[in-house]
>>> print(open('protein09.txt').read())   # compact mmCIF, C-alpha atoms and all ligand atoms
# COMPACT_ATOMS: atom_id res chain seq x y z
CA MET A 28 39.94 72.18 52.48
CA THR A 29 41.31 70.03 55.29
CA GLN A 30 42.67 66.72 54.06
CA ILE A 31 43.31 64.16 56.75
CA ALA A 32 45.83 61.43 56.01
CA LEU A 33 45.25 58.62 58.48
CA ALA A 34 47.18 55.39 58.82
CA GLU A 35 44.46 53.24 57.35
CA ASP A 36 44.33 50.87 54.44
CA LEU A 37 43.18 51.95 51.00
CA SER A 38 39.89 50.08 51.25
CA GLN A 39 38.94 51.99 54.41
CA SER A 40 40.09 55.36 53.09
CA MET A 41 38.18 54.78 49.84
CA ARG A 42 35.05 53.95 51.89
CA ASN A 43 35.55 57.15 53.86
CA ALA A 44 36.02 59.16 50.67
CA LEU A 45 32.82 57.68 49.22
CA ARG A 46 30.86 58.63 52.38
CA ARG A 47 31.27 62.17 51.03
CA PHE A 48 29.88 61.22 47.60
CA ALA A 49 26.14 62.03 47.83
CA ARG A 50 24.02 60.13 45.37
CA SER A 51 20.38 59.65 44.46
CA VAL A 52 18.97 56.29 45.44
CA THR A 53 17.50 54.20 42.64
CA VAL A 54 15.81 50.84 42.35
CA ILE A 55 16.84 48.79 39.31
CA THR A 56 14.09 46.52 38.00
CA CYS A 57 13.75 43.88 35.32
CA ARG A 58 11.75 40.80 34.38
CA HIS A 59 13.18 37.49 33.25
CA GLY A 60 11.71 34.01 33.00
CA GLY A 61 8.37 35.30 34.26
CA GLN A 62 9.91 36.65 37.49
CA ARG A 63 10.21 40.27 38.62
CA TYR A 64 13.46 41.56 40.14
CA ALA A 65 14.23 44.77 42.07
CA MET A 66 17.42 46.01 43.73
CA ALA A 67 18.40 49.29 45.43
CA ALA A 68 21.44 50.88 43.75
CA THR A 69 23.44 54.07 43.93
CA ALA A 70 26.25 53.06 41.55
CA VAL A 71 24.27 54.46 38.64
CA SER A 72 25.24 57.16 36.15
CA GLU A 73 24.41 58.68 32.84
CA VAL A 74 26.91 57.70 30.14
CA SER A 75 25.84 60.07 27.41
CA LEU A 76 22.90 61.98 25.98
CA ASP A 77 23.92 60.98 22.45
CA PRO A 78 23.31 58.14 22.35
CA PRO A 79 21.00 58.40 25.39
CA SER A 80 22.54 55.90 27.76
CA MET A 81 22.89 54.97 31.42
CA LEU A 82 25.10 52.57 33.34
CA VAL A 83 24.49 50.56 36.49
CA CYS A 84 27.11 48.65 38.50
CA ILE A 85 25.76 45.40 39.91
CA ASN A 86 27.57 43.08 42.30
CA GLN A 87 27.75 39.59 40.79
CA SER A 88 26.45 38.21 44.09
CA ALA A 89 23.14 40.12 43.77
CA SER A 90 20.05 38.22 42.69
CA ILE A 91 19.35 40.67 39.86
CA TYR A 92 22.76 39.93 38.32
CA ALA A 93 21.75 36.58 36.77
CA PRO A 94 18.67 37.87 34.90
CA LEU A 95 20.51 41.00 33.69
CA SER A 96 23.49 39.02 32.45
CA SER A 97 21.54 36.16 30.92
CA GLY A 98 18.87 37.63 28.75
CA ALA A 99 16.78 40.41 30.30
CA SER A 100 16.72 42.82 27.37
CA GLU A 101 15.02 45.67 29.24
CA PHE A 102 15.54 47.24 32.66
CA CYS A 103 14.30 50.32 34.49
CA ILE A 104 16.12 52.79 36.70
CA ASN A 105 13.60 54.13 39.22
CA ILE A 106 14.96 57.26 40.95
CA LEU A 107 13.28 57.33 44.36
CA GLN A 108 11.40 60.21 46.00
CA SER A 109 12.71 61.47 49.35
CA SER A 110 9.61 59.82 50.89
CA GLN A 111 10.49 56.37 49.49
CA GLU A 112 13.20 55.29 51.94
CA ASN A 113 11.02 52.28 52.80
CA ILE A 114 11.28 51.04 49.20
CA SER A 115 15.07 51.34 49.28
CA LEU A 116 15.21 49.44 52.58
CA LEU A 117 12.99 46.72 51.14
CA CYS A 118 14.94 46.40 47.86
CA GLY A 119 18.38 46.59 49.46
CA GLY A 120 17.98 44.33 52.46
CA SER A 121 17.12 40.84 53.56
CA ILE A 122 13.64 40.71 52.00
CA LYS A 123 14.00 38.79 48.74
CA GLY A 124 12.24 38.22 45.43
CA GLU A 125 8.59 39.06 44.87
CA ALA A 126 8.16 40.42 48.43
CA ARG A 127 10.19 43.49 47.36
CA PHE A 128 7.15 44.60 45.36
CA GLU A 129 4.78 44.62 48.32
CA THR A 130 5.37 48.32 49.00
CA GLY A 131 4.99 50.99 46.30
CA GLN A 132 2.72 51.52 43.33
CA TRP A 133 4.19 49.20 40.73
CA LEU A 134 3.16 49.30 37.07
CA GLU A 135 4.55 47.28 34.15
CA THR A 136 5.79 48.17 30.68
CA ASP A 137 4.34 46.35 27.65
CA SER A 138 7.12 43.78 28.03
CA GLY A 139 6.34 43.32 31.74
CA VAL A 140 9.22 45.26 33.31
CA PRO A 141 8.08 46.68 36.66
CA TYR A 142 8.43 50.39 37.36
CA LEU A 143 7.25 52.70 40.12
CA ARG A 144 4.29 54.88 39.18
CA ASP A 145 5.25 57.55 41.72
CA ALA A 146 9.06 57.58 41.42
CA GLN A 147 10.95 60.86 41.25
CA ALA A 148 11.92 59.78 37.72
CA THR A 149 12.13 56.56 35.71
CA LEU A 150 14.53 55.75 32.89
CA PHE A 151 13.50 52.86 30.65
CA CYS A 152 16.53 51.12 29.17
CA HIS A 153 17.25 48.57 26.49
CA MET A 154 20.28 46.44 27.43
CA ASP A 155 23.18 47.37 25.17
CA GLN A 156 26.57 46.31 26.60
CA SER A 157 28.14 44.89 29.74
CA LEU A 158 31.63 44.86 31.19
CA ARG A 159 32.85 42.62 34.00
CA TYR A 160 35.09 44.47 36.46
CA GLY A 161 36.21 42.76 39.66
CA THR A 162 33.24 41.88 41.82
CA HIS A 163 30.84 43.88 39.66
CA MET A 164 29.29 43.95 36.22
CA ILE A 165 28.69 47.29 34.53
CA PHE A 166 25.52 47.19 32.45
CA ILE A 167 24.99 49.91 29.86
CA GLY A 168 21.45 50.54 28.70
CA ARG A 169 20.15 52.62 25.80
CA VAL A 170 17.45 54.92 27.20
CA THR A 171 14.19 54.54 25.29
CA ARG A 172 11.89 56.67 27.48
CA ALA A 173 12.15 58.87 30.56
CA LEU A 174 9.44 59.95 32.99
CA PHE A 175 9.86 62.51 35.76
CA ASP A 176 7.93 64.18 38.55
CA ALA A 177 7.25 67.94 38.42
CA ALA A 178 9.00 68.59 41.74
CA VAL A 179 12.69 67.82 42.31
CA ASP A 180 12.95 65.98 45.64
CA PRO A 181 15.07 62.80 45.33
CA LEU A 182 16.09 60.41 48.11
CA ILE A 183 19.80 60.99 48.78
CA TYR A 184 22.28 58.53 50.31
CA VAL A 185 25.30 60.18 51.93
CA ALA A 186 27.60 59.31 54.88
CA GLY A 187 25.79 55.98 55.24
CA LYS A 188 22.41 57.67 55.79
CA TYR A 189 19.33 58.65 53.85
CA SER A 190 18.83 62.36 53.36
CA ARG A 191 17.14 64.89 51.11
CA ILE A 192 18.05 68.16 49.44
CA GLN A 193 17.45 70.95 51.99
CA SER A 194 15.87 73.38 49.55
CA ALA A 195 13.44 70.80 48.12
C1 LIG B 201 21.31 52.68 49.31
C2 LIG B 201 21.84 51.39 48.72
C3 LIG B 201 22.59 51.44 47.56
C4 LIG B 201 23.08 50.26 46.98
N1 LIG B 201 23.79 50.34 45.80
C5 LIG B 201 24.18 49.20 45.19
C6 LIG B 201 24.78 49.25 43.90
O1 LIG B 201 24.94 50.31 43.29
N2 LIG B 201 25.15 48.06 43.33
C7 LIG B 201 24.97 46.85 43.96
O2 LIG B 201 25.34 45.82 43.39
N3 LIG B 201 24.40 46.78 45.19
C8 LIG B 201 23.98 47.91 45.79
N4 LIG B 201 23.35 47.86 47.01
C9 LIG B 201 23.22 46.58 47.68
C10 LIG B 201 22.05 45.79 47.17
O3 LIG B 201 20.85 46.56 47.06
C11 LIG B 201 21.78 44.63 48.17
O4 LIG B 201 22.99 43.97 48.41
C12 LIG B 201 20.78 43.68 47.67
O5 LIG B 201 20.22 43.08 48.82
C13 LIG B 201 21.41 42.59 46.82
O6 LIG B 201 20.41 41.93 46.18
P1 LIG B 201 19.87 40.47 46.61
O7 LIG B 201 19.49 40.55 48.05
O8 LIG B 201 18.68 40.41 45.70
O9 LIG B 201 20.92 39.48 46.30
C14 LIG B 201 22.84 49.02 47.60
C15 LIG B 201 22.06 48.97 48.77
C16 LIG B 201 21.56 50.14 49.32
C17 LIG B 201 20.69 50.06 50.55
>>> encode(input="protein09.txt", output="structure tokens")
Amino acid sequence: MTQIALAEDLSQSMRNALRRFARSVTVITCRHGGQRYAMAATAVSEVSLDPPSMLVCINQSASIYAPLSSGASEFCINILQSSQENISLLCGGSIKGEARFETGQWLETDSGVPYLRDAQATLFCHMDQSLRYGTHMIFIGRVTRALFDAAVDPLIYVAGKYSRIQSA
């Protein structure tokens, strides 16, 4: 492996390292105070299968941060299909609030949390713990249900671009 050490600051070299960290694109959703929230996120991971748990890292400047930190007891992690780049662009850009739900087939759980009917997979989470770390808050959810598509073909974000798995 060729490792290139350039005279650049840590922030830039960390960004460059992370450009090589391919991840599935998700949309985090919740409902609070009668309003629906959605945000594109890749800083998402499983914590454990026992207990079944997931974590999401949310910038405290994001509009979904307030509802998640102040009472939303449920949230969903919608793992996008390779064909759903438009939903990621909508939920991770300048379009705000309810307009983020204008594209996609959105359903709701019994408690009103929106989730995508045709996502690659959806993990339904009950809020369990949170940890503030720098600019972000790490939310840990206990997984209560998981849905998934038969085919494996997630939307991938790598090197600042959307992609898909070649063999899919
Ligand atoms: C592919 C992609 C991945 C992202 N991942 C995250 C993430 O993991 N955590 C985060 O806080 N913001 C992430 N963002 C940025 C937010 O989606 C974006 O800043 C969003 O517009 C913030 O929400 P707001 O406009 O509702 O305030 C990501 C954006 C994109 C396009």
>>> residues_around(input="protein09.txt", residues="stretch 62-70 of chain A", least_positions_apart="3", cutoff="8 Å", atoms="only C-alpha atoms", output="list in words")
Arg50, Ser51, Val52, Thr53, Val54, Ile55, Thr56, Cys57, Arg58, His59, Val83, Cys84, Ile85, Ser90, Ile91, Ser115, Leu116, Cys118, Gly119, Gly124, Glu125, Arg127, Phe128, Val140, Pro141 and Tyr184 of chain A
>>> closest_residue(input="protein09.txt", among="A:Glu112, A:Thr149, A:Asp155, A:Ser80", to="A:Gly98", atoms="all atoms listed in the file")
A:Asp155
>>> atom_distance(input="protein09.txt", atom1="atom C9 of ligand LIG 201 (chain B)", atom2="atom CA of A:Ile106")
15.1 Å
>>> atom_distance(input="protein09.txt", atom1="atom CA of A:Asp137", atom2="atom CA of A:Phe175")
18.9 Å
>>> atom_distance(input="protein09.txt", atom1="atom O4 of ligand LIG 201 (chain B)", atom2="atom CA of A:Ala178")
29.1 Å
>>> closest_residue(input="protein09.txt", among="A:Ala89, A:Met81, A:Ala148, A:Ile114", to="A:Ile167", atoms="all atoms listed in the file")
A:Met81
>>> closest_residue(input="protein09.txt", among="A:Leu107, A:Cys152, A:Ala177, A:Leu134", to="ligand LIG 201 (chain B)", atoms="only C-alpha atoms and all ligand atoms")
A:Leu107
>>> residues_near_point(input="protein09.txt", point="(10.1, 53.7, 30.7)", cutoff="10 Å", atoms="all atoms listed in the file", output="PyMOL selection string")
chain A and resi 101-105+135-137+140-143+148-153+170-174
>>> write_last_selection(input="protein09.txt", atoms="C-alpha atoms", output="compact mmCIF listing (two decimals), keeping the file's coordinate frame")
# COMPACT_ATOMS: atom_id res chain seq x y z
CA GLU A 101 15.02 45.67 29.24
CA PHE A 102 15.54 47.24 32.66
CA CYS A 103 14.30 50.32 34.49
CA ILE A 104 16.12 52.79 36.70
CA ASN A 105 13.60 54.13 39.22
CA GLU A 135 4.55 47.28 34.15
CA THR A 136 5.79 48.17 30.68
CA ASP A 137 4.34 46.35 27.65
CA VAL A 140 9.22 45.26 33.31
CA PRO A 141 8.08 46.68 36.66
CA TYR A 142 8.43 50.39 37.36
CA LEU A 143 7.25 52.70 40.12
CA ALA A 148 11.92 59.78 37.72
CA THR A 149 12.13 56.56 35.71
CA LEU A 150 14.53 55.75 32.89
CA PHE A 151 13.50 52.86 30.65
CA CYS A 152 16.53 51.12 29.17
CA HIS A 153 17.25 48.57 26.49
CA VAL A 170 17.45 54.92 27.20
CA THR A 171 14.19 54.54 25.29
CA ARG A 172 11.89 56.67 27.48
CA ALA A 173 12.15 58.87 30.56
CA LEU A 174 9.44 59.95 32.99
>>> axis_aligned_box(input="protein09.txt", around="ligand LIG 201 (chain B)", padding_each_side="8 Å", output="lines of an AutoDock Vina configuration file")
center_x = 22.0
center_y = 46.1
center_z = 46.9
size_x = 22.7
size_y = 29.2
size_z = 23.3
>>> closest_residue(input="protein09.txt", among="A:Thr130, A:Thr162, A:Ser97, A:Ser110", to="ligand LIG 201 (chain B)", atoms="only C-alpha atoms and all ligand atoms")
A:Thr162
>>> residues_around(input="protein09.txt", residues="A:Ile192", least_positions_apart="2", cutoff="8 Å", atoms="all atoms listed in the file", output="list in words")
Asp180, Pro181, Ile183, Ser190, Ser194 and Ala195 of chain A
>>> closest_residue(input="protein09.txt", among="A:Asn86, A:Phe48, A:Val185, A:Gln111", to="A:His163", atoms="all atoms listed in the file")
A:Asn86
>>> closest_residue(input="protein09.txt", among="A:Ser72, A:Ala44, A:Gly61, A:Ser96", to="A:Arg159", atoms="only C-alpha atoms")
A:Ser96
>>> residues_around(input="protein09.txt", residues="A:Arg42", least_positions_apart="5", cutoff="12 Å", atoms="all atoms listed in the file", output="ChimeraX atom specification")
/A:35-37,47-48,185-187
